[in-house]
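A.B. asks: Got data-v7.cif for you, mmCIF, N, CA and C atoms:
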data_final
loop_
_atom_site.group_PDB
_atom_site.id
_atom_site.type_symbol
_atom_site.label_atom_id
_atom_site.label_comp_id
_atom_site.auth_asym_id
_atom_site.auth_seq_id
_atom_site.Cartn_x
_atom_site.Cartn_y
_atom_site.Cartn_z
ATOM 1 N N MET A 210 217.784 62.132 -88.190
ATOM 2 C CA MET A 210 218.804 61.597 -87.310
ATOM 3 C C MET A 210 219.075 60.143 -87.722
ATOM 4 N N PRO A 211 220.315 59.798 -88.002
ATOM 5 C CA PRO A 211 220.625 58.420 -88.407
ATOM 6 C C PRO A 211 220.404 57.440 -87.258
ATOM 7 N N VAL A 212 219.931 56.255 -87.610
ATOM 8 C CA VAL A 212 219.690 55.218 -86.619
ATOM 9 C C VAL A 212 220.875 54.266 -86.616
ATOM 10 N N SER A 213 221.445 54.052 -85.435
ATOM 11 C CA SER A 213 222.550 53.104 -85.303
ATOM 12 C C SER A 213 222.263 52.200 -84.107
ATOM 13 N N CYS A 214 222.928 51.071 -84.085
ATOM 14 C CA CYS A 214 222.716 50.087 -83.032
ATOM 15 C C CYS A 214 223.427 50.504 -81.744
ATOM 16 N N ALA A 215 222.756 50.317 -80.609
ATOM 17 C CA ALA A 215 223.292 50.717 -79.306
ATOM 18 C C ALA A 215 224.258 49.694 -78.709
ATOM 19 N N ALA A 216 224.384 48.519 -79.315
ATOM 20 C CA ALA A 216 225.268 47.477 -78.773
ATOM 21 C C ALA A 216 226.724 47.865 -78.957
ATOM 22 N N TRP A 217 227.541 47.544 -77.934
ATOM 23 C CA TRP A 217 228.964 47.865 -77.969
ATOM 24 C C TRP A 217 229.621 47.198 -79.184
ATOM 25 N N GLY A 218 230.345 47.994 -79.966
ATOM 26 C CA GLY A 218 231.113 47.472 -81.089
ATOM 27 C C GLY A 218 230.307 47.162 -82.336
ATOM 28 N N CYS A 219 228.994 47.289 -82.288
ATOM 29 C CA CYS A 219 228.165 46.997 -83.466
ATOM 30 C C CYS A 219 228.231 48.194 -84.410
ATOM 31 N N GLN A 220 228.525 47.914 -85.662
ATOM 32 C CA GLN A 220 228.673 48.974 -86.657
ATOM 33 C C GLN A 220 227.432 49.144 -87.527
ATOM 34 N N ASN A 221 226.365 48.416 -87.249
ATOM 35 C CA ASN A 221 225.171 48.483 -88.093
ATOM 36 C C ASN A 221 224.467 49.827 -87.962
ATOM 37 N N ARG A 222 224.152 50.391 -89.116
ATOM 38 C CA ARG A 222 223.413 51.638 -89.219
ATOM 39 C C ARG A 222 222.245 51.375 -90.149
ATOM 40 N N CYS A 223 221.144 52.028 -89.912
ATOM 41 C CA CYS A 223 219.971 51.850 -90.759
ATOM 42 C C CYS A 223 220.247 52.492 -92.118
ATOM 43 N N SER A 224 220.327 51.663 -93.136
ATOM 44 C CA SER A 224 220.599 52.141 -94.489
ATOM 45 C C SER A 224 220.004 51.159 -95.489
ATOM 46 N N VAL A 225 220.087 51.507 -96.737
ATOM 47 C CA VAL A 225 219.593 50.625 -97.791
ATOM 48 C C VAL A 225 220.357 49.305 -97.773
ATOM 49 N N SER A 226 221.665 49.359 -97.535
ATOM 50 C CA SER A 226 222.459 48.123 -97.553
ATOM 51 C C SER A 226 222.121 47.206 -96.375
ATOM 52 N N THR A 227 221.886 47.752 -95.184
ATOM 53 C CA THR A 227 221.521 46.885 -94.053
ATOM 54 C C THR A 227 220.116 46.327 -94.247
ATOM 55 N N ARG A 228 219.214 47.126 -94.770
ATOM 56 C CA ARG A 228 217.859 46.618 -95.038
ATOM 57 C C ARG A 228 217.892 45.501 -96.069
ATOM 58 N N SER A 229 218.752 45.629 -97.084
ATOM 59 C CA SER A 229 218.835 44.585 -98.114
ATOM 60 C C SER A 229 219.407 43.286 -97.541
ATOM 61 N N LYS A 230 220.161 43.392 -96.434
ATOM 62 C CA LYS A 230 220.690 42.202 -95.755
ATOM 63 C C LYS A 230 219.685 41.628 -94.755
ATOM 64 N N GLY A 231 218.539 42.277 -94.610
ATOM 65 C CA GLY A 231 217.509 41.793 -93.697
ATOM 66 C C GLY A 231 217.682 42.257 -92.269
ATOM 67 N N ILE A 232 218.570 43.215 -92.037
ATOM 68 C CA ILE A 232 218.797 43.729 -90.679
ATOM 69 C C ILE A 232 217.731 44.765 -90.362
ATOM 70 N N THR A 233 217.083 44.574 -89.229
ATOM 71 C CA THR A 233 216.045 45.502 -88.788
ATOM 72 C C THR A 233 216.473 46.151 -87.474
ATOM 73 N N PHE A 234 215.869 47.284 -87.153
ATOM 74 C CA PHE A 234 216.203 48.018 -85.933
ATOM 75 C C PHE A 234 214.969 48.127 -85.054
ATOM 76 N N HIS A 235 215.183 47.937 -83.734
ATOM 77 C CA HIS A 235 214.062 47.843 -82.810
ATOM 78 C C HIS A 235 214.251 48.758 -81.612
ATOM 79 N N ARG A 236 213.156 49.411 -81.217
ATOM 80 C CA ARG A 236 213.166 50.276 -80.047
ATOM 81 C C ARG A 236 213.258 49.435 -78.774
ATOM 82 N N PHE A 237 213.782 50.038 -77.730
ATOM 83 C CA PHE A 237 213.789 49.393 -76.423
ATOM 84 C C PHE A 237 212.349 49.341 -75.914
ATOM 85 N N PRO A 238 212.006 48.317 -75.141
ATOM 86 C CA PRO A 238 210.623 48.192 -74.651
ATOM 87 C C PRO A 238 210.214 49.374 -73.779
ATOM 88 N N LYS A 239 208.937 49.697 -73.808
ATOM 89 C CA LYS A 239 208.404 50.754 -72.938
ATOM 90 C C LYS A 239 208.258 50.262 -71.507
ATOM 91 N N ASP A 240 207.994 48.959 -71.357
ATOM 92 C CA ASP A 240 207.868 48.368 -70.031
ATOM 93 C C ASP A 240 209.200 48.523 -69.286
ATOM 94 N N VAL A 241 209.147 49.103 -68.105
ATOM 95 C CA VAL A 241 210.356 49.429 -67.346
ATOM 96 C C VAL A 241 211.197 48.183 -67.044
ATOM 97 N N LEU A 242 210.572 47.087 -66.633
ATOM 98 C CA LEU A 242 211.329 45.879 -66.286
ATOM 99 C C LEU A 242 211.992 45.259 -67.514
ATOM 100 N N MET A 243 211.269 45.196 -68.635
ATOM 101 C CA MET A 243 211.866 44.637 -69.858
ATOM 102 C C MET A 243 212.980 45.539 -70.383
ATOM 103 N N ARG A 244 212.772 46.852 -70.291
ATOM 104 C CA ARG A 244 213.808 47.798 -70.731
ATOM 105 C C ARG A 244 215.088 47.578 -69.919
ATOM 106 N N LYS A 245 214.937 47.384 -68.611
ATOM 107 C CA LYS A 245 216.095 47.161 -67.740
ATOM 108 C C LYS A 245 216.805 45.859 -68.114
ATOM 109 N N LYS A 246 216.042 44.814 -68.424
ATOM 110 C CA LYS A 246 216.653 43.544 -68.848
ATOM 111 C C LYS A 246 217.474 43.741 -70.121
ATOM 112 N N TRP A 247 216.956 44.512 -71.066
ATOM 113 C CA TRP A 247 217.703 44.782 -72.299
ATOM 114 C C TRP A 247 218.979 45.564 -71.986
ATOM 115 N N GLU A 248 218.861 46.575 -71.114
ATOM 116 C CA GLU A 248 220.025 47.389 -70.749
ATOM 117 C C GLU A 248 221.098 46.536 -70.074
ATOM 118 N N VAL A 249 220.691 45.651 -69.171
ATOM 119 C CA VAL A 249 221.643 44.766 -68.486
ATOM 120 C C VAL A 249 222.292 43.818 -69.489
ATOM 121 N N ALA A 250 221.510 43.298 -70.425
ATOM 122 C CA ALA A 250 222.037 42.367 -71.428
ATOM 123 C C ALA A 250 223.117 43.009 -72.292
ATOM 124 N N LEU A 251 223.042 44.317 -72.504
ATOM 125 C CA LEU A 251 224.047 45.017 -73.315
ATOM 126 C C LEU A 251 225.415 45.067 -72.637
ATOM 127 N N ARG A 252 225.419 44.998 -71.304
ATOM 128 C CA ARG A 252 226.667 45.042 -70.529
ATOM 129 C C ARG A 252 227.484 46.308 -70.794
ATOM 130 N N ARG A 253 226.780 47.415 -70.918
ATOM 131 C CA ARG A 253 227.448 48.712 -71.064
ATOM 132 C C ARG A 253 227.295 49.461 -69.750
ATOM 133 N N GLU A 254 228.430 49.810 -69.165
ATOM 134 C CA GLU A 254 228.431 50.476 -67.871
ATOM 135 C C GLU A 254 227.687 51.805 -67.942
ATOM 136 N N LYS A 255 226.794 52.018 -66.982
ATOM 137 C CA LYS A 255 226.020 53.251 -66.832
ATOM 138 C C LYS A 255 225.178 53.583 -68.061
ATOM 139 N N PHE A 256 224.774 52.573 -68.825
ATOM 140 C CA PHE A 256 223.948 52.806 -70.012
ATOM 141 C C PHE A 256 222.479 52.859 -69.623
ATOM 142 N N THR A 257 221.806 53.887 -70.090
ATOM 143 C CA THR A 257 220.368 54.008 -69.939
ATOM 144 C C THR A 257 219.788 54.332 -71.306
ATOM 145 N N ALA A 258 218.873 53.519 -71.769
ATOM 146 C CA ALA A 258 218.283 53.709 -73.087
ATOM 147 C C ALA A 258 217.377 54.938 -73.106
ATOM 148 N N THR A 259 217.443 55.659 -74.210
ATOM 149 C CA THR A 259 216.561 56.796 -74.434
ATOM 150 C C THR A 259 215.539 56.404 -75.500
ATOM 151 N N LYS A 260 214.630 57.301 -75.805
ATOM 152 C CA LYS A 260 213.638 57.031 -76.847
ATOM 153 C C LYS A 260 214.291 56.822 -78.211
ATOM 154 N N ALA A 261 215.457 57.393 -78.410
ATOM 155 C CA ALA A 261 216.136 57.295 -79.702
ATOM 156 C C ALA A 261 216.974 56.019 -79.844
ATOM 157 N N CYS A 262 217.240 55.311 -78.756
ATOM 158 C CA CYS A 262 218.095 54.116 -78.799
ATOM 159 C C CYS A 262 217.412 52.967 -79.530
ATOM 160 N N ARG A 263 218.213 52.253 -80.324
ATOM 161 C CA ARG A 263 217.724 51.091 -81.073
ATOM 162 C C ARG A 263 218.743 49.964 -80.964
ATOM 163 N N LEU A 264 218.258 48.730 -81.101
ATOM 164 C CA LEU A 264 219.123 47.558 -81.222
ATOM 165 C C LEU A 264 218.814 46.917 -82.564
ATOM 166 N N CYS A 265 219.844 46.423 -83.229
ATOM 167 C CA CYS A 265 219.604 45.773 -84.512
ATOM 168 C C CYS A 265 219.281 44.297 -84.310
ATOM 169 N N SER A 266 218.719 43.713 -85.329
ATOM 170 C CA SER A 266 218.261 42.323 -85.269
ATOM 171 C C SER A 266 219.393 41.324 -85.093
ATOM 172 N N ASP A 267 220.639 41.730 -85.333
ATOM 173 C CA ASP A 267 221.778 40.830 -85.159
ATOM 174 C C ASP A 267 221.939 40.350 -83.719
ATOM 175 N N HIS A 268 221.327 41.042 -82.763
ATOM 176 C CA HIS A 268 221.514 40.724 -81.347
ATOM 177 C C HIS A 268 220.394 39.853 -80.763
ATOM 178 N N PHE A 269 219.570 39.316 -81.646
ATOM 179 C CA PHE A 269 218.475 38.440 -81.232
ATOM 180 C C PHE A 269 218.573 37.121 -81.977
ATOM 181 N N THR A 270 218.038 36.076 -81.385
ATOM 182 C CA THR A 270 217.996 34.772 -82.053
ATOM 183 C C THR A 270 216.797 34.754 -83.001
ATOM 184 N N PRO A 271 216.796 33.866 -83.994
ATOM 185 C CA PRO A 271 215.656 33.794 -84.924
ATOM 186 C C PRO A 271 214.315 33.546 -84.212
ATOM 187 N N GLU A 272 214.347 32.835 -83.095
ATOM 188 C CA GLU A 272 213.126 32.542 -82.350
ATOM 189 C C GLU A 272 212.531 33.786 -81.683
ATOM 190 N N ASP A 273 213.332 34.846 -81.552
ATOM 191 C CA ASP A 273 212.866 36.072 -80.905
ATOM 192 C C ASP A 273 211.961 36.919 -81.799
ATOM 193 N N PHE A 274 211.838 36.566 -83.074
ATOM 194 C CA PHE A 274 211.108 37.401 -84.023
ATOM 195 C C PHE A 274 209.743 36.846 -84.380
ATOM 196 N N ASP A 275 208.815 37.765 -84.613
ATOM 197 C CA ASP A 275 207.507 37.442 -85.172
ATOM 198 C C ASP A 275 207.508 38.042 -86.576
ATOM 199 N N ARG A 276 207.601 37.179 -87.574
ATOM 200 C CA ARG A 276 207.658 37.634 -88.958
ATOM 201 C C ARG A 276 206.381 37.294 -89.723
ATOM 202 N N THR A 277 205.262 37.166 -89.007
ATOM 203 C CA THR A 277 204.025 36.756 -89.654
ATOM 204 C C THR A 277 203.381 37.872 -90.464
ATOM 205 N N GLY A 278 203.591 39.115 -90.104
ATOM 206 C CA GLY A 278 203.004 40.246 -90.836
ATOM 207 C C GLY A 278 204.039 40.912 -91.726
ATOM 208 N N GLN A 279 203.699 42.094 -92.199
ATOM 209 C CA GLN A 279 204.632 42.844 -93.043
ATOM 210 C C GLN A 279 205.762 43.458 -92.229
ATOM 211 N N THR A 280 205.515 43.686 -90.944
ATOM 212 C CA THR A 280 206.511 44.296 -90.072
ATOM 213 C C THR A 280 207.169 43.222 -89.215
ATOM 214 N N VAL A 281 208.495 43.260 -89.147
ATOM 215 C CA VAL A 281 209.233 42.325 -88.293
ATOM 216 C C VAL A 281 209.168 42.863 -86.864
ATOM 217 N N ARG A 282 208.684 42.025 -85.948
ATOM 218 C CA ARG A 282 208.547 42.444 -84.553
ATOM 219 C C ARG A 282 209.298 41.492 -83.631
ATOM 220 N N ILE A 283 209.719 42.039 -82.500
ATOM 221 C CA ILE A 283 210.341 41.231 -81.457
ATOM 222 C C ILE A 283 209.206 40.641 -80.615
ATOM 223 N N ARG A 284 209.283 39.352 -80.336
ATOM 224 C CA ARG A 284 208.247 38.698 -79.522
ATOM 225 C C ARG A 284 208.289 39.230 -78.087
ATOM 226 N N ASP A 285 207.138 39.292 -77.460
ATOM 227 C CA ASP A 285 207.054 39.726 -76.062
ATOM 228 C C ASP A 285 207.940 38.836 -75.194
ATOM 229 N N GLY A 286 208.677 39.451 -74.288
ATOM 230 C CA GLY A 286 209.525 38.706 -73.362
ATOM 231 C C GLY A 286 210.913 38.385 -73.892
ATOM 232 N N SER A 287 211.198 38.709 -75.162
ATOM 233 C CA SER A 287 212.524 38.426 -75.728
ATOM 234 C C SER A 287 213.549 39.428 -75.219
ATOM 235 N N VAL A 288 214.738 38.911 -74.940
ATOM 236 C CA VAL A 288 215.853 39.739 -74.471
ATOM 237 C C VAL A 288 217.022 39.514 -75.425
ATOM 238 N N PRO A 289 217.711 40.573 -75.849
ATOM 239 C CA PRO A 289 218.849 40.386 -76.753
ATOM 240 C C PRO A 289 219.911 39.505 -76.097
ATOM 241 N N SER A 290 220.478 38.572 -76.883
ATOM 242 C CA SER A 290 221.437 37.627 -76.300
ATOM 243 C C SER A 290 222.630 37.328 -77.198
ATOM 244 N N VAL A 291 222.682 37.916 -78.373
ATOM 245 C CA VAL A 291 223.770 37.637 -79.311
ATOM 246 C C VAL A 291 224.637 38.888 -79.429
ATOM 247 N N PHE A 292 225.840 38.801 -78.854
ATOM 248 C CA PHE A 292 226.741 39.950 -78.867
ATOM 249 C C PHE A 292 228.145 39.518 -79.242
ATOM 250 N N ASN A 293 228.868 40.410 -79.886
ATOM 251 C CA ASN A 293 230.257 40.176 -80.244
ATOM 252 C C ASN A 293 231.113 41.047 -79.320
ATOM 253 N N SER A 294 231.047 40.738 -78.041
ATOM 254 C CA SER A 294 231.733 41.523 -77.018
ATOM 255 C C SER A 294 233.139 40.990 -76.791
ATOM 256 N N PRO A 295 234.014 41.795 -76.175
ATOM 257 C CA PRO A 295 235.329 41.294 -75.791
ATOM 258 C C PRO A 295 235.164 40.099 -74.843
ATOM 259 N N ALA A 296 236.142 39.227 -74.799
ATOM 260 C CA ALA A 296 236.071 37.986 -74.018
ATOM 261 C C ALA A 296 235.709 38.236 -72.556
ATOM 262 N N HIS A 297 236.271 39.283 -71.946
ATOM 263 C CA HIS A 297 236.007 39.509 -70.530
ATOM 264 C C HIS A 297 234.559 39.952 -70.276
ATOM 265 N N LEU A 298 233.849 40.408 -71.303
ATOM 266 C CA LEU A 298 232.451 40.790 -71.138
ATOM 267 C C LEU A 298 231.494 39.661 -71.506
ATOM 268 N N GLN A 299 232.003 38.607 -72.148
ATOM 269 C CA GLN A 299 231.145 37.509 -72.573
ATOM 270 C C GLN A 299 230.816 36.551 -71.447
ATOM 271 N N ARG A 300 231.649 36.520 -70.422
ATOM 272 C CA ARG A 300 231.375 35.636 -69.292
ATOM 273 C C ARG A 300 230.180 36.148 -68.506
ATOM 274 N N VAL A 301 229.290 35.270 -68.173
ATOM 275 C CA VAL A 301 228.133 35.648 -67.371
ATOM 276 C C VAL A 301 228.454 35.319 -65.932
ATOM 277 N N GLY A 302 228.746 36.345 -65.174
ATOM 278 C CA GLY A 302 229.089 36.148 -63.765
ATOM 279 C C GLY A 302 227.848 36.202 -62.902
ATOM 280 N N PRO A 303 228.008 35.929 -61.622
ATOM 281 C CA PRO A 303 226.877 35.931 -60.695
ATOM 282 C C PRO A 303 226.128 37.252 -60.662
ATOM 283 N N SER A 304 226.841 38.358 -60.807
ATOM 284 C CA SER A 304 226.171 39.653 -60.717
ATOM 285 C C SER A 304 225.201 39.845 -61.882
ATOM 286 N N LEU A 305 225.578 39.427 -63.081
ATOM 287 C CA LEU A 305 224.686 39.567 -64.233
ATOM 288 C C LEU A 305 223.498 38.628 -64.095
ATOM 289 N N CYS A 306 223.766 37.391 -63.703
ATOM 290 C CA CYS A 306 222.670 36.422 -63.512
ATOM 291 C C CYS A 306 221.697 36.932 -62.450
ATOM 292 N N THR A 307 222.223 37.441 -61.363
ATOM 293 C CA THR A 307 221.400 37.949 -60.281
ATOM 294 C C THR A 307 220.586 39.140 -60.764
ATOM 295 N N ALA A 308 221.202 40.020 -61.536
ATOM 296 C CA ALA A 308 220.494 41.193 -62.036
ATOM 297 C C ALA A 308 219.343 40.795 -62.941
ATOM 298 N N LEU A 309 219.555 39.816 -63.813
ATOM 299 C CA LEU A 309 218.513 39.387 -64.722
ATOM 300 C C LEU A 309 217.391 38.647 -63.988
ATOM 301 N N VAL A 310 217.743 37.838 -63.022
ATOM 302 C CA VAL A 310 216.736 37.086 -62.276
ATOM 303 C C VAL A 310 215.912 38.005 -61.386
ATOM 304 N N SER A 311 216.573 38.986 -60.800
ATOM 305 C CA SER A 311 215.862 39.876 -59.873
ATOM 306 C C SER A 311 214.902 40.819 -60.572
ATOM 307 N N LEU A 312 215.034 40.950 -61.881
ATOM 308 C CA LEU A 312 214.127 41.849 -62.602
ATOM 309 C C LEU A 312 212.866 41.165 -62.863
#
Kindly transcribe the structure held in the file into structure tokens.
C.D. replies:
Amino acid sequence: MPVSCAAWGCQNRCSVSTRSKGITFHRFPKDVLMRKKWEVALRREKFTATKACRLCSDHFTPEDFDRTGQTVRIRDGSVPSVFNSPAHLQRVGPSLCTALVSL
């Protein structure tokens, strides 16, 4: 099954060319609260991550990564924050802030 990024509008797919560009793909956290924070950050209506869902490294800041070993890992507590969303989805309104804080 091909791996593709779950972020809206992201065209990244796991392939030799994306790997050569340094793009990595990461599973959603198993922790229910962190998984919900990632889902809210995506801003996709009625989106629920499955075991097969992945996000590519383009949606994280460099500080979110632990590159000390051979495997690139997302640091504990990191939430995706880099998106190329339409303008009306880029604004962080009270409902999104409240959702993230309440988690």
A.B. asks: Taking the DSSP assignment computed from this structure's backbone, write out as a count of residues only all residues of chain A that belong to strand (DSSP E or B).
C.D. replies: 13
A.B. asks: Measuring between all atoms listed in the file, which one of A:Gly286, A:Ser213, A:Lys260, A:Phe269 shows the shortest distance to Met243 (chain A)?
C.D. replies: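 For Met243 (chain A), the nearest of the candidates is A:Gly286.
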A.B. asks: For CA of Pro211 (chain A) and atom C of Val241 (chain A), determine how far apart the two atoms are, in Å to one decimal place.
C.D. replies: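 Taking CA of Pro211 (chain A) and atom C of Val241 (chain A), their separation equals 25.5 Å.
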A.B. asks: Any idea what the distance is between atom C of Ala250 (chain A) and atom C of Gly231 (chain A)?
C.D. replies: 20.7 Å
A.B. asks: Please evaluate the PyMOL selection byres (((chain A and resi 217 and name CA) around 10) and name CA) against the structure above and give the resulting residues as JSON, numbers by chain.
C.D. replies: {"A": [214, 215, 216, 218, 219, 220, 251, 252, 253, 292, 293, 294, 295]}
